[in-house]
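Text of target.tsv (TSV, C-alpha atoms) as supplied:
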chain	number	residue	atom	x	y	z
A	150	MET	CA	10.77	32.94	21.05
A	151	HIS	CA	14.06	33.09	22.95
A	152	LEU	CA	14.79	34.06	26.56
A	153	SER	CA	18.11	35.21	28.00
A	154	THR	CA	19.46	37.02	31.04
A	155	VAL	CA	21.66	39.98	30.17
A	156	ARG	CA	23.87	41.58	32.77
A	157	GLY	CA	22.67	45.09	33.51
A	158	ALA	CA	19.40	44.63	31.60
A	159	GLY	CA	17.65	41.62	33.13
A	160	VAL	CA	15.40	39.15	31.35
A	161	VAL	CA	15.36	39.66	27.58
A	162	VAL	CA	12.81	38.28	25.11
A	163	ARG	CA	13.86	37.84	21.48
A	164	GLU	CA	11.41	37.38	18.62
A	165	GLY	CA	13.22	37.14	15.31
A	166	ALA	CA	15.94	39.79	15.21
A	167	GLU	CA	14.40	42.05	17.88
A	168	ALA	CA	15.42	41.56	21.52
A	169	ARG	CA	13.68	43.58	24.25
A	170	VAL	CA	13.75	43.72	28.04
A	171	LEU	CA	10.80	42.08	29.79
A	172	ARG	CA	9.30	44.53	32.26
A	173	ASN	CA	8.82	43.82	35.96
A	174	THR	CA	10.63	40.48	35.85
A	175	ALA	CA	13.22	39.49	38.41
A	176	SER	CA	14.43	36.34	36.66
A	177	VAL	CA	13.50	33.63	34.16
A	178	TYR	CA	12.91	31.34	37.14
A	179	GLU	CA	10.32	33.77	38.53
A	180	LEU	CA	8.78	34.15	35.05
A	181	ALA	CA	8.53	30.38	34.56
A	182	THR	CA	7.02	29.91	38.01
A	183	ALA	CA	4.31	32.44	37.15
A	184	ALA	CA	3.79	30.92	33.69
A	185	ILE	CA	2.93	27.50	35.17
A	186	THR	CA	-0.26	28.91	36.69
A	187	GLY	CA	-0.66	31.86	34.33
A	188	GLY	CA	-1.30	30.09	31.04
A	189	GLY	CA	2.23	29.78	29.66
A	190	PHE	CA	5.01	32.11	28.59
A	191	ALA	CA	3.14	33.97	25.85
A	192	ALA	CA	0.32	35.01	28.17
A	193	GLU	CA	2.65	35.93	31.02
A	194	ILE	CA	4.93	38.00	28.78
A	195	ALA	CA	1.94	39.81	27.25
A	196	ARG	CA	0.76	40.79	30.74
A	197	ARG	CA	4.14	42.22	31.70
A	198	GLY	CA	5.03	43.95	28.44
A	199	LEU	CA	8.32	44.62	26.71
A	200	GLY	CA	10.64	47.58	27.15
A	201	GLU	CA	13.82	48.86	25.54
A	202	THR	CA	15.73	46.96	22.87
A	203	VAL	CA	19.00	45.13	23.59
A	204	ASP	CA	21.85	44.36	21.20
A	205	LEU	CA	22.60	40.73	22.05
A	206	THR	CA	25.75	40.71	19.92
A	207	ARG	CA	27.31	43.13	22.42
A	208	ALA	CA	25.74	41.74	25.59
A	209	THR	CA	27.34	40.06	28.58
A	210	PHE	CA	25.20	37.11	29.61
A	211	ASP	CA	24.43	35.49	32.91
A	212	LEU	CA	23.02	31.97	33.01
A	213	PRO	CA	19.71	32.19	31.14
A	214	VAL	CA	17.96	30.65	34.16
A	215	SER	CA	19.17	29.65	37.61
A	216	HIS	CA	17.63	28.74	40.97
A	217	PRO	CA	17.67	31.11	43.97
A	218	ASP	CA	19.09	28.18	45.97
A	219	PRO	CA	21.83	26.49	43.88
A	220	ALA	CA	21.28	23.20	45.72
A	221	HIS	CA	17.89	22.95	43.97
A	222	LEU	CA	19.33	23.11	40.45
A	223	HIS	CA	20.28	19.66	39.11
A	224	LEU	CA	22.78	19.15	36.27
A	225	THR	CA	22.39	15.70	34.69
A	226	GLY	CA	22.74	14.05	31.30
A	227	THR	CA	22.40	11.06	29.03
A	228	GLY	CA	24.99	9.58	26.70
A	229	LEU	CA	25.19	7.31	23.64
A	230	THR	CA	22.01	8.92	22.33
A	231	HIS	CA	23.19	10.17	18.93
A	232	LEU	CA	23.76	8.30	15.69
A	233	GLY	CA	27.52	8.04	15.41
A	234	SER	CA	28.13	8.84	19.06
A	235	ALA	CA	29.22	5.29	19.86
A	236	SER	CA	32.32	5.28	17.66
A	237	ALA	CA	34.33	7.72	19.79
A	238	ARG	CA	33.19	6.16	23.04
A	239	ASP	CA	33.86	2.64	21.76
A	240	ALA	CA	37.43	3.56	20.92
A	241	MET	CA	37.89	4.96	24.42
A	242	HIS	CA	36.39	1.89	26.12
A	243	ALA	CA	37.60	-0.89	23.78
A	244	LYS	CA	38.03	-4.33	25.31
A	245	LEU	CA	41.18	-6.36	24.75
A	246	GLU	CA	39.37	-9.55	23.69
A	247	GLY	CA	38.87	-8.36	20.14
A	248	ALA	CA	36.34	-6.78	17.84
A	249	GLU	CA	34.09	-9.85	17.90
A	250	ASN	CA	33.00	-8.93	21.44
A	251	LEU	CA	30.78	-5.88	21.76
A	252	THR	CA	31.94	-3.38	24.36
A	253	ASP	CA	29.46	-2.26	26.97
A	254	SER	CA	29.29	1.10	25.18
A	255	MET	CA	28.28	-0.59	21.94
A	256	LYS	CA	25.74	-2.76	23.74
A	257	MET	CA	24.15	0.35	25.27
A	258	PHE	CA	24.18	2.11	21.91
A	259	ARG	CA	22.52	-0.86	20.22
A	260	MET	CA	19.81	-0.89	22.91
A	261	GLY	CA	19.03	2.68	21.96
A	262	LEU	CA	18.93	1.89	18.25
A	263	GLU	CA	16.54	-0.99	18.86
A	264	GLY	CA	14.33	0.53	21.56
A	265	GLY	CA	15.02	4.22	22.02
A	266	ARG	CA	12.21	5.49	19.81
A	267	PRO	CA	8.98	4.04	21.24
A	268	THR	CA	5.54	5.05	20.02
A	269	ALA	CA	4.01	8.05	21.77
A	270	GLY	CA	3.01	7.22	25.34
A	271	GLU	CA	5.10	4.05	25.48
A	272	VAL	CA	8.36	3.52	27.41
A	273	GLY	CA	11.50	2.69	25.46
A	274	ALA	CA	15.01	1.54	26.32
A	275	GLN	CA	16.84	3.25	29.18
A	276	PRO	CA	19.79	5.42	28.15
A	277	GLU	CA	23.09	5.84	29.90
A	278	TRP	CA	22.54	8.45	32.65
A	279	PHE	CA	24.93	10.53	34.72
A	280	TYR	CA	25.01	13.27	37.35
A	281	LYS	CA	27.16	16.36	37.00
A	282	GLY	CA	26.35	18.41	40.06
A	283	ASN	CA	24.05	21.16	41.29
A	284	GLY	CA	23.79	24.87	40.68
A	285	HIS	CA	27.25	25.46	42.15
A	286	ALA	CA	28.62	23.72	39.03
A	287	ALA	CA	26.61	25.87	36.57
A	288	ILE	CA	28.90	28.31	34.74
A	289	ALA	CA	27.62	31.36	32.86
A	290	PRO	CA	28.25	31.82	29.13
A	291	GLY	CA	31.54	33.62	28.61
A	292	ALA	CA	33.02	32.45	31.92
A	293	ALA	CA	35.77	29.88	32.41
A	294	LEU	CA	35.11	26.17	32.72
A	295	GLU	CA	37.60	25.22	35.44
A	296	ALA	CA	38.79	21.65	35.71
A	297	PRO	CA	39.80	20.55	39.23
A	298	GLY	CA	43.47	20.30	40.04
A	299	PHE	CA	43.37	16.49	39.99
A	300	ALA	CA	41.80	16.36	36.51
A	301	GLU	CA	43.62	14.62	33.68
A	302	ASP	CA	41.82	16.57	30.95
A	303	GLY	CA	39.26	19.28	30.28
A	304	GLY	CA	37.26	18.61	27.14
A	305	GLU	CA	34.18	20.10	25.52
A	306	GLU	CA	30.96	18.20	24.90
A	307	PRO	CA	28.64	20.25	22.66
A	308	GLU	CA	25.04	19.26	23.41
A	309	ILE	CA	21.44	20.36	23.52
A	310	ALA	CA	20.22	20.87	27.09
A	311	GLY	CA	16.59	20.68	28.16
A	312	ILE	CA	15.64	23.07	30.96
A	313	TYR	CA	12.77	22.13	33.29
A	314	LEU	CA	10.92	23.55	36.29
A	315	ILE	CA	8.94	21.23	38.55
A	316	GLY	CA	5.46	22.57	39.24
A	317	PRO	CA	3.65	22.68	42.60
A	318	ASP	CA	2.02	19.29	41.94
A	319	GLY	CA	5.29	17.60	40.92
A	320	THR	CA	4.74	17.89	37.15
A	321	PRO	CA	7.89	18.66	35.10
A	322	HIS	CA	7.42	21.72	32.88
A	323	ARG	CA	9.88	22.31	30.05
A	324	ILE	CA	11.05	25.92	29.98
A	325	GLY	CA	12.89	25.31	26.71
A	326	TRP	CA	16.14	24.24	25.11
A	327	ALA	CA	19.65	25.69	25.17
A	328	LEU	CA	23.09	25.04	23.82
A	329	GLY	CA	25.21	23.30	26.43
A	330	ASN	CA	28.84	22.48	27.05
A	331	GLU	CA	28.78	19.31	29.15
A	332	PHE	CA	32.45	19.70	30.09
A	333	SER	CA	34.12	16.34	30.93
A	334	ASP	CA	37.43	14.57	31.62
A	335	HIS	CA	37.88	12.13	28.74
A	336	VAL	CA	41.34	10.95	29.78
A	337	THR	CA	39.95	9.73	33.10
A	338	GLU	CA	36.99	8.10	31.34
A	339	ARG	CA	39.28	6.30	28.90
A	340	VAL	CA	41.11	4.49	31.70
A	341	ASN	CA	37.97	2.53	32.57
A	342	TYR	CA	34.37	3.20	31.58
A	343	LEU	CA	33.38	2.65	35.22
A	344	TRP	CA	35.11	5.97	35.88
A	345	LEU	CA	32.55	7.73	33.71
A	346	ALA	CA	30.83	8.98	36.87
A	347	HIS	CA	34.08	10.59	38.03
A	348	SER	CA	34.74	12.14	34.63
A	349	LYS	CA	31.33	13.83	34.61
A	350	LEU	CA	31.59	15.50	38.03
A	351	ARG	CA	32.69	18.76	36.48
A	352	VAL	CA	31.27	22.21	35.90
A	353	ALA	CA	29.10	22.85	32.83
A	354	SER	CA	27.62	25.75	30.93
A	355	TYR	CA	24.39	26.41	29.02
A	356	GLY	CA	22.85	29.28	27.07
A	357	PRO	CA	23.16	32.14	26.34
A	358	GLU	CA	19.61	31.92	24.93
A	359	ILE	CA	16.76	29.53	25.70
A	360	LEU	CA	14.68	28.43	22.72
A	361	VAL	CA	11.06	28.26	23.90
A	362	GLY	CA	8.72	25.90	22.05
A	363	ASP	CA	9.38	23.06	19.64
A	364	LEU	CA	12.92	21.93	18.94
A	365	PRO	CA	13.81	21.47	15.25
A	366	ALA	CA	14.19	17.80	14.30
A	367	ASP	CA	17.46	18.43	12.46
A	368	ILE	CA	19.85	20.76	14.30
A	369	ARG	CA	23.05	21.72	12.52
A	370	GLY	CA	25.83	23.96	13.70
A	371	SER	CA	29.52	24.01	14.55
A	372	SER	CA	31.72	23.13	17.50
A	373	ARG	CA	35.18	24.64	17.55
A	374	ILE	CA	38.19	25.26	19.76
A	375	LEU	CA	40.15	28.49	19.44
A	376	ARG	CA	43.71	28.85	20.67
A	377	LYS	CA	45.20	32.33	20.67
A	378	ASP	CA	42.27	33.53	18.54
A	379	LYS	CA	42.92	30.94	15.83
A	380	VAL	CA	40.76	27.91	15.11
A	381	LEU	CA	42.57	24.83	16.43
A	382	TRP	CA	39.78	22.35	15.70
A	383	GLU	CA	36.29	22.53	14.19
A	384	LYS	CA	33.60	20.02	13.26
A	385	PRO	CA	29.89	20.08	12.45
A	386	PHE	CA	27.58	19.77	15.44
A	387	LEU	CA	24.49	17.67	14.71
A	388	SER	CA	21.60	17.05	17.06
A	389	GLY	CA	17.82	16.84	17.11
A	390	GLU	CA	15.78	13.66	16.80
A	391	ALA	CA	16.69	13.23	13.12
A	392	ASN	CA	20.25	12.56	14.31
A	393	MET	CA	19.47	10.58	17.46
A	394	SER	CA	18.77	6.99	18.45
A	395	HIS	CA	16.37	8.09	21.22
A	396	THR	CA	13.39	10.42	21.24
A	397	PHE	CA	13.50	13.33	23.64
A	398	ALA	CA	10.26	12.09	25.20
A	399	ASN	CA	11.91	8.77	26.02
A	400	LEU	CA	14.97	10.47	27.52
A	401	GLU	CA	12.79	12.84	29.54
A	402	HIS	CA	10.75	9.92	30.89
A	403	HIS	CA	13.81	8.04	32.09
A	404	HIS	CA	14.99	11.10	34.01
A	405	PHE	CA	11.72	12.25	35.52
A	406	LYS	CA	10.41	8.77	36.34
A	407	TYR	CA	12.32	9.12	39.62
A	408	PRO	CA	10.27	10.93	42.30
A	409	ILE	CA	13.41	12.64	43.63
A	410	PHE	CA	13.55	14.58	40.35
A	411	ARG	CA	9.94	15.75	40.64
A	412	GLN	CA	10.24	17.90	43.74
A	413	PRO	CA	8.19	21.13	43.45
A	414	GLY	CA	10.27	24.20	42.67
A	415	ASP	CA	13.40	22.34	41.58
A	416	LEU	CA	15.14	23.34	38.36
A	417	HIS	CA	16.73	20.76	36.03
A	418	VAL	CA	19.25	21.20	33.23
A	419	HIS	CA	19.58	17.90	31.39
A	420	TYR	CA	22.18	17.34	28.66
A	421	PHE	CA	21.10	15.04	25.84
A	422	GLY	CA	24.41	13.79	24.45
A	423	THR	CA	26.66	14.44	21.47
A	424	ALA	CA	28.41	12.76	18.56
A	425	THR	CA	31.20	15.37	18.27
A	426	LEU	CA	34.30	15.43	20.48
A	427	SER	CA	37.69	16.99	19.80
A	428	PHE	CA	39.22	14.35	22.10
A	429	ALA	CA	38.27	11.64	19.58
A	430	ASP	CA	40.45	13.46	17.05
A	431	GLY	CA	43.47	13.49	19.35
A	432	ILE	CA	43.15	17.12	20.46
A	433	ARG	CA	44.70	17.93	23.83
A	434	THR	CA	43.17	21.10	25.24
A	435	GLU	CA	45.20	23.72	27.11
A	436	PRO	CA	44.39	26.47	29.63
A	437	GLY	CA	43.24	29.56	27.78
A	438	ASP	CA	41.57	27.66	24.93
A	439	THR	CA	38.09	28.87	24.02
A	440	PHE	CA	35.23	26.46	23.33
A	441	GLU	CA	32.60	27.79	20.94
A	442	ILE	CA	29.29	26.11	20.07
A	443	GLU	CA	27.22	27.85	17.41
A	444	VAL	CA	23.80	26.91	16.03
A	445	ALA	CA	21.66	29.44	14.14
A	446	ASP	CA	18.42	28.14	15.70
A	447	PHE	CA	19.69	29.16	19.16
A	448	GLY	CA	20.91	32.66	18.40
A	449	GLN	CA	24.08	33.77	20.14
A	450	PRO	CA	26.86	31.15	20.39
A	451	LEU	CA	27.93	29.58	23.67
A	452	ARG	CA	31.55	30.46	24.45
A	453	ASN	CA	33.64	29.44	27.45
A	454	THR	CA	37.35	29.46	28.13
A	455	LEU	CA	39.27	26.59	29.75
A	456	ALA	CA	41.07	26.86	33.07
A	457	PHE	CA	42.61	24.41	35.55
A	458	ALA	CA	42.56	24.83	39.31
A	459	PRO	CA	45.93	24.52	41.07
A	460	LYS	CA	46.92	21.00	42.03
A	461	THR	CA	46.42	20.28	45.71
A	462	PRO	CA	49.04	17.97	47.22
A	463	GLY	CA	47.99	15.11	49.43
A	464	ALA	CA	44.61	13.62	50.22
A	465	THR	CA	41.47	15.46	51.24
A	466	LYS	CA	41.19	15.26	55.00
A	467	VAL	CA	38.03	14.58	56.93
A	468	ARG	CA	37.77	15.91	60.48
A	469	PRO	CA	35.90	13.73	62.96
A	470	LEU	CA	33.49	15.43	65.35
Rewrite the structure from the file as structure tokens, please.
Amino acid sequence: MHLSTVRGAGVVVREGAEARVLRNTASVYELATAAITGGGFAAEIARRGLGETVDLTRATFDLPVSHPDPAHLHLTGTGLTHLGSASARDAMHAKLEGAENLTDSMKMFRMGLEGGRPTAGEVGAQPEWFYKGNGHAAIAPGAALEAPGFAEDGGEEPEIAGIYLIGPDGTPHRIGWALGNEFSDHVTERVNYLWLAHSKLRVASYGPEILVGDLPADIRGSSRILRKDKVLWEKPFLSGEANMSHTFANLEHHHFKYPIFRQPGDLHVHYFGTATLSFADGIRTEPGDTFEIEVADFGQPLRNTLAFAPKTPGATKVRPL
């Protein structure tokens, strides 16, 4: 089952090729809130019933799920989680001492290889973790990912995102999975890996559809950049636990182990990392480029254009009270 939010139609449920409007439903957030106490999505959807069909290939999408108060939507992520993901990062963060010394990126990656897949119920190695922002940084499918005026770069990061709603008792409930573009500034990150936190404070997108239920172990698709309607760059996009050094359960634990991320009613979109970056292949993106992430298991592709905010001269001023 897939969930999406279509402009002008509302919440849409897709089973196989058929997509239909869910009756009497204000939002996926409202649906998920009811499903926590109502026996899950299947039972809640059956109670509400389905209406007219929707052609998703012609639809304009909003975010598949958002929070009524954007400050209560958290965008976060983990890195160095995929087999092969360390090579691009290692090249960006390489130390001058020589190949005989492992970079911090490679050390973190090796920790995941050795301890990122614990037995069920056990705690494994911590991953790299980062914060991207709140709901004000969440950008709908089809809209522009705007880099700030001081940014050095605007680059795609095709990832799987887990979407979670915290229940009344503080229990995280997984709504489902979505394609995500964890938009980042790789030029800034390359200067010094300690600037990773700065490079990640950018907008991000996810959707258009949420896959409800189990995630396939081996996810295969494509990540591409189009410039003037022509493919500038394209590579396979691989994810799922068959292609990762960590289990999703381990990554989820290391996010939700913090009580601040288990506040009732909060919504979380957590990006699980990637092994595919155009920046690693020397691509320099430009305003107007289109990022496209396509995976058959998720239905409609995630597309966003690239924009840059105007540069603001001088420093940001703080006014004393």
| Please, which residues are within 9 Å of (35.8, 34.9, 29.1) by the file's coordinates, counting all atoms listed in the file, and could they come as a list of chain:residue names? | A:Pro290, A:Gly291, A:Ala292, A:Ala293, A:Thr439, A:Arg452, A:Asn453, A:Thr454
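Our summary of the geometry notes that CA of Glu305 (chain A) is positioned 9.4 Å from CA of His335 (chain A).
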Considering all atoms listed in the file, tabulate each residue of region 353-425 of chain A that lies at most 12 Å from region 186-202 of chain A along with its nearest interatomic pair and the corresponding distance in Å to one decimal; arrange the rows by chain and ascending residue number and present them as CSV.
residue,atom,partner,partner_atom,distance
A:Leu360,CA,A:Phe190,CA,11.9
A:Val361,CA,A:Phe190,CA,8.6
A:Gly362,CA,A:Phe190,CA,9.8
| field | Closest of A:Glu441, A:Glu277, A:Glu179, A:Asp334 to His216 (chain A) - atom-to-atom distances counting all atoms listed in the file | value | A:Glu179
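Taking CA of Arg373 (chain A) and CA of Asn392 (chain A) as endpoints, the distance between them is 19.5 Å.
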| query | Is there a way to get, as an MDAnalysis selection string, all residues within 9 Å of the point (44.2, 23.1, 28.6) in file coordinates, counting all atoms listed in the file? | reply | chainID A and resid 302:304 433:438 455:457
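Distances to Gly298 (chain A) were evaluated for A:Ile432, A:Arg351, A:Gln449, A:Gly282 using all atoms listed in the file, and the minimum falls at A:Arg351.
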| query | Got a sec: who's within 7 Å of Thr396 (chain A), counting all atoms listed in the file, leaving out chain neighbours fewer than 5 positions off, as a count of residues only? | reply | 3
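Separating CA of Asp204 (chain A) from CA of Arg156 (chain A) is a distance of 12.1 Å.
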Please complete region 272-288 of chain A with N, CA, C and O atoms and give it back as a PDB file, in the coordinates of the input.
ATOM      1  N   VAL A 272       7.037   3.385  26.792  1.00  0.00           N
ATOM      2  CA  VAL A 272       8.360   3.520  27.410  1.00  0.00           C
ATOM      3  C   VAL A 272       9.363   2.713  26.605  1.00  0.00           C
ATOM      4  O   VAL A 272       9.153   1.524  26.348  1.00  0.00           O
ATOM      5  N   GLY A 273      10.458   3.353  26.232  1.00  0.00           N
ATOM      6  CA  GLY A 273      11.500   2.690  25.460  1.00  0.00           C
ATOM      7  C   GLY A 273      12.701   2.339  26.314  1.00  0.00           C
ATOM      8  O   GLY A 273      12.673   2.407  27.552  1.00  0.00           O
ATOM      9  N   ALA A 274      13.784   1.972  25.648  1.00  0.00           N
ATOM     10  CA  ALA A 274      15.010   1.540  26.320  1.00  0.00           C
ATOM     11  C   ALA A 274      15.592   2.662  27.187  1.00  0.00           C
ATOM     12  O   ALA A 274      15.530   3.842  26.824  1.00  0.00           O
ATOM     13  N   GLN A 275      16.162   2.278  28.326  1.00  0.00           N
ATOM     14  CA  GLN A 275      16.840   3.250  29.180  1.00  0.00           C
ATOM     15  C   GLN A 275      18.150   3.688  28.529  1.00  0.00           C
ATOM     16  O   GLN A 275      18.894   2.859  28.005  1.00  0.00           O
ATOM     17  N   PRO A 276      18.485   4.971  28.622  1.00  0.00           N
ATOM     18  CA  PRO A 276      19.790   5.420  28.150  1.00  0.00           C
ATOM     19  C   PRO A 276      20.834   5.348  29.255  1.00  0.00           C
ATOM     20  O   PRO A 276      20.507   5.096  30.420  1.00  0.00           O
ATOM     21  N   GLU A 277      22.070   5.553  28.897  1.00  0.00           N
ATOM     22  CA  GLU A 277      23.090   5.840  29.900  1.00  0.00           C
ATOM     23  C   GLU A 277      22.704   7.161  30.580  1.00  0.00           C
ATOM     24  O   GLU A 277      22.210   8.084  29.926  1.00  0.00           O
ATOM     25  N   TRP A 278      22.914   7.249  31.889  1.00  0.00           N
ATOM     26  CA  TRP A 278      22.540   8.450  32.650  1.00  0.00           C
ATOM     27  C   TRP A 278      23.682   8.816  33.579  1.00  0.00           C
ATOM     28  O   TRP A 278      24.383   7.957  34.089  1.00  0.00           O
ATOM     29  N   PHE A 279      23.868  10.108  33.790  1.00  0.00           N
ATOM     30  CA  PHE A 279      24.930  10.530  34.720  1.00  0.00           C
ATOM     31  C   PHE A 279      24.548  11.832  35.404  1.00  0.00           C
ATOM     32  O   PHE A 279      23.684  12.589  34.944  1.00  0.00           O
ATOM     33  N   TYR A 280      25.201  12.070  36.521  1.00  0.00           N
ATOM     34  CA  TYR A 280      25.010  13.270  37.350  1.00  0.00           C
ATOM     35  C   TYR A 280      26.239  14.141  37.239  1.00  0.00           C
ATOM     36  O   TYR A 280      27.377  13.653  37.294  1.00  0.00           O
ATOM     37  N   LYS A 281      26.033  15.454  37.095  1.00  0.00           N
ATOM     38  CA  LYS A 281      27.160  16.360  37.000  1.00  0.00           C
ATOM     39  C   LYS A 281      27.332  17.233  38.233  1.00  0.00           C
ATOM     40  O   LYS A 281      28.442  17.649  38.554  1.00  0.00           O
ATOM     41  N   GLY A 282      26.236  17.551  38.899  1.00  0.00           N
ATOM     42  CA  GLY A 282      26.350  18.410  40.060  1.00  0.00           C
ATOM     43  C   GLY A 282      25.094  19.241  40.232  1.00  0.00           C
ATOM     44  O   GLY A 282      24.067  18.993  39.599  1.00  0.00           O
ATOM     45  N   ASN A 283      25.182  20.264  41.079  1.00  0.00           N
ATOM     46  CA  ASN A 283      24.050  21.160  41.290  1.00  0.00           C
ATOM     47  C   ASN A 283      24.374  22.544  40.761  1.00  0.00           C
ATOM     48  O   ASN A 283      25.308  22.718  39.975  1.00  0.00           O
ATOM     49  N   GLY A 284      23.608  23.532  41.220  1.00  0.00           N
ATOM     50  CA  GLY A 284      23.790  24.870  40.680  1.00  0.00           C
ATOM     51  C   GLY A 284      25.153  25.478  40.938  1.00  0.00           C
ATOM     52  O   GLY A 284      25.554  26.431  40.247  1.00  0.00           O
ATOM     53  N   HIS A 285      25.890  24.962  41.907  1.00  0.00           N
ATOM     54  CA  HIS A 285      27.250  25.460  42.150  1.00  0.00           C
ATOM     55  C   HIS A 285      28.191  25.105  41.004  1.00  0.00           C
ATOM     56  O   HIS A 285      29.274  25.686  40.880  1.00  0.00           O
ATOM     57  N   ALA A 286      27.800  24.132  40.171  1.00  0.00           N
ATOM     58  CA  ALA A 286      28.620  23.720  39.030  1.00  0.00           C
ATOM     59  C   ALA A 286      28.167  24.361  37.724  1.00  0.00           C
ATOM     60  O   ALA A 286      28.727  24.069  36.674  1.00  0.00           O
ATOM     61  N   ALA A 287      27.146  25.221  37.772  1.00  0.00           N
ATOM     62  CA  ALA A 287      26.610  25.870  36.570  1.00  0.00           C
ATOM     63  C   ALA A 287      27.400  27.145  36.288  1.00  0.00           C
ATOM     64  O   ALA A 287      27.458  28.052  37.123  1.00  0.00           O
ATOM     65  N   ILE A 288      28.005  27.216  35.111  1.00  0.00           N
ATOM     66  CA  ILE A 288      28.900  28.310  34.740  1.00  0.00           C
ATOM     67  C   ILE A 288      28.264  29.152  33.637  1.00  0.00           C
ATOM     68  O   ILE A 288      27.786  28.627  32.633  1.00  0.00           O
TER      69      ILE A 288
END
